[in-house]
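Below is query35.txt, which holds compact mmCIF, C-alpha atoms.
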```
# COMPACT_ATOMS: atom_id res chain seq x y z
CA MET A 847 101.97 87.04 100.83
CA SER A 848 98.35 87.69 100.05
CA ALA A 849 95.76 87.28 102.80
CA LEU A 850 91.99 87.66 102.93
CA LYS A 851 90.88 91.22 103.59
CA PHE A 852 87.58 92.28 105.12
CA CYS A 853 85.53 95.47 104.95
CA ARG A 854 85.84 97.78 107.98
CA GLU A 855 82.23 98.88 107.63
CA CYS A 856 80.23 95.68 107.03
CA ASN A 857 82.79 92.86 107.60
CA ASN A 858 82.25 91.31 104.15
CA MET A 859 85.22 90.12 102.13
CA LEU A 860 87.08 92.65 99.98
CA TYR A 861 87.82 91.72 96.38
CA PRO A 862 90.70 92.99 94.23
CA ARG A 863 89.75 95.61 91.65
CA GLU A 864 91.70 97.92 89.37
CA ASP A 865 91.11 101.66 89.35
CA LYS A 866 91.53 102.24 85.62
CA GLU A 867 91.97 106.03 85.93
CA THR A 868 94.85 105.92 88.41
CA ARG A 869 96.02 102.42 87.40
CA THR A 870 96.19 101.24 91.01
CA LEU A 871 95.05 98.07 92.70
CA LEU A 872 92.17 98.46 95.13
CA TYR A 873 90.29 96.15 97.43
CA ALA A 874 86.56 96.85 97.19
CA CYS A 875 83.54 95.61 99.09
CA GLN A 876 80.72 94.23 96.95
CA SER A 877 78.07 95.03 99.57
CA CYS A 878 78.88 98.64 100.38
CA GLU A 879 80.99 101.38 98.75
CA HIS A 880 84.09 100.84 100.89
CA GLN A 881 87.43 100.68 99.02
CA GLU A 882 91.04 100.71 100.12
CA VAL A 883 94.32 100.89 98.22
CA ALA A 884 96.25 97.62 98.19
CA SER A 885 99.53 97.70 100.08
CA ASP A 886 100.86 94.71 98.12
CA THR A 887 100.35 93.90 94.44
CA CYS A 888 100.18 90.14 95.09
CA VAL A 889 96.56 89.05 94.79
CA TYR A 890 97.03 85.27 94.84
CA LYS A 891 99.97 82.99 95.56
CA ARG A 892 100.01 79.25 95.00
CA VAL A 893 102.75 77.21 96.65
CA LEU A 894 103.49 73.85 95.11
CA ARG A 895 105.22 71.27 97.27
CA LYS A 896 106.63 67.93 96.29
CA PRO A 897 108.40 65.19 98.24
CA SER A 898 112.12 65.89 98.30
CA GLY A 899 114.32 63.78 96.06
CA GLU A 900 111.55 63.01 93.57
CA PRO A 901 111.26 64.56 90.09
CA LYS A 902 108.48 67.11 89.60
CA ASP A 903 106.82 65.24 86.76
CA VAL A 904 106.21 61.96 88.62
CA LEU A 905 102.47 61.34 88.83
CA LYS A 906 100.48 58.41 90.15
CA ASP A 907 99.19 57.43 86.69
CA ILE A 908 102.58 57.66 84.97
CA ALA A 909 102.75 53.86 84.81
CA ALA A 910 100.01 53.99 82.15
CA ASP A 911 102.35 55.95 79.83
CA PRO A 912 103.01 53.62 76.85
CA SER A 913 106.29 55.39 76.01
CA LEU A 914 107.97 54.31 79.26
CA PRO A 915 109.93 51.06 79.23
CA ARG A 916 108.71 48.25 81.49
CA THR A 917 110.45 45.45 83.31
CA ARG A 918 109.47 42.22 85.01
CA SER A 919 112.81 41.83 86.81
CA VAL A 920 111.65 43.81 89.88
CA ARG A 921 108.63 43.40 92.14
CA CYS A 922 106.71 46.17 93.87
CA TYR A 923 107.54 46.33 97.59
CA MET A 924 103.97 47.30 98.47
CA CYS A 925 101.77 44.89 96.47
CA SER A 926 104.26 42.37 94.94
CA HIS A 927 103.08 43.17 91.40
CA PRO A 928 105.62 41.65 88.96
CA GLU A 929 105.77 44.58 86.48
CA ALA A 930 107.10 48.13 86.84
CA ALA A 931 107.70 51.05 84.49
CA PHE A 932 111.00 52.85 84.88
CA PHE A 933 112.89 55.99 83.83
CA GLN A 934 116.05 57.88 84.71
CA ALA A 935 116.18 61.46 85.97
CA PRO A 936 118.77 63.63 87.69
CA THR A 937 118.43 63.87 91.46
CA LYS A 938 118.74 67.25 93.12
CA GLY A 939 122.22 67.75 94.52
CA GLU A 940 123.72 64.74 92.74
CA LYS A 941 125.59 64.52 89.45
CA ALA A 942 124.54 60.97 88.60
CA MET A 943 121.18 59.90 87.22
CA THR A 944 118.75 58.03 89.46
CA LEU A 945 116.64 55.11 88.26
CA TYR A 946 112.96 55.47 89.25
CA PHE A 947 110.42 52.61 89.23
CA ILE A 948 106.60 52.90 89.23
CA CYS A 949 104.38 49.92 89.96
CA CYS A 950 102.14 49.07 86.99
CA ASN A 951 99.32 47.84 89.23
CA PRO A 952 96.61 50.53 88.73
CA SER A 953 95.40 50.22 92.31
CA CYS A 954 98.92 50.64 93.74
CA GLY A 955 101.07 53.13 91.82
CA HIS A 956 103.91 52.86 94.36
CA ARG A 957 107.14 54.67 93.38
CA TRP A 958 110.67 53.85 94.44
CA ARG A 959 114.21 54.46 93.26
CA ASP A 960 117.15 52.20 92.76
```
Can the structure from this file be put into structure tokens for me?
Amino acid sequence: MSALKFCRECNNMLYPREDKETRTLLYACQSCEHQEVASDTCVYKRVLRKPSGEPKDVLKDIAADPSLPRTRSVRCYMCSHPEAAFFQAPTKGEKAMTLYFICCNPSCGHRWRD
């Protein structure tokens, strides 16, 4: 995993740079001439986390999607709003589809599954 690197001479941050002649990755200081060869080719790593058991594409404003069906037969558990959008998606580790509900109240956006 990539970590911040600092110059041994002036303690400023080192930035990734390519040496075009040798085609190697270097870390170079922008304040002085110090450079060092990178031990790892990973410059940046972003880790995305989501709540377990919830599809990746569920967002807070998904209730505003006009293509999703809506129902008035369920009430939101958080704000008691009488309308919810819903969709089905597979749940990790299960063969069956799970029914997901999203509160249509713009100030709530609570999500739950049936």
(request) Write out as number ranges by chain the residues lying within 12 Å of Met924 (chain A), counting only C-alpha atoms and excluding same-chain residues fewer than 3 positions away. (result) A: 921, 927-928, 948-951, 953-958
(message) When you count all atoms listed in the file, which of these residues is closest to Glu879 (chain A): A:Arg959, A:Lys891, A:Leu945, A:Glu855?
(response) A:Glu855
(request) Fewer than 3 positions away in the same chain doesn't count, so skip those; otherwise give me all residues within 10 Å of Leu914 (chain A), counting only C-alpha atoms, as a ChimeraX atom specification. (result) /A:908-911,930-933
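Among the candidate residues A:Gln934, A:Thr870, A:Thr887, A:Ser877, the one lying nearest to Cys856 (chain A) is A:Ser877, with distances computed using only C-alpha atoms.
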If you take every atom of region 866-884 of chain A that the file lists and fit an axis-aligned box around them with 4 Å extra on each side, what centre and edge lengths come out in Å to one decimal, as AutoDock Vina command-line options?
```
--center_x 87.2 --center_y 100.1 --center_z 93.3 --size_x 26.2 --size_y 19.8 --size_z 23.3
```
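The space separating CA of Thr917 (chain A) from CA of Pro936 (chain A) comes to 20.5 Å.
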(request) Using only C-alpha atoms, find the one residue out of A:Cys853, A:Ala935, A:Val893, A:Cys888 that sits nearest to Gln876 (chain A). (result)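 That would be A:Cys853, the residue with the smallest distance to Gln876 (chain A).
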(message) I need the residue nearest Cys925 (chain A) from this list: A:Asn857, A:Pro952, A:Asp865, A:Glu882. Use only C-alpha atoms for the distance.
(response) A:Pro952
(request) Point out the residue among A:Lys938, A:Val920, A:Leu850, A:Cys878 with the least atom-to-atom distance to Asp960 (chain A), counting all atoms listed in the file. (result)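 Ranking A:Lys938, A:Val920, A:Leu850, A:Cys878 by distance to Asp960 (chain A), first place goes to A:Val920.
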(request) Counting all atoms listed in the file, figure out which residue out of A:Thr944, A:Glu929, A:Arg892, A:His880 gets nearest to Tyr861 (chain A). (result)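 For Tyr861 (chain A), the nearest of the given residues is A:His880.
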(request) Go ahead and compute the interatomic distance for CA of Arg854 (chain A) and CA of Asp886 (chain A), in Å to one decimal. (result) 18.2 Å
(message) Can you tell me which residues surround Arg869 (chain A) at a distance of at most 12 Å, considering all atoms listed in the file, apart from same-chain residues fewer than 3 positions away, and format the answer as a PyMOL selection string?
(response) chain A and resi 863-866+872+883-884+887
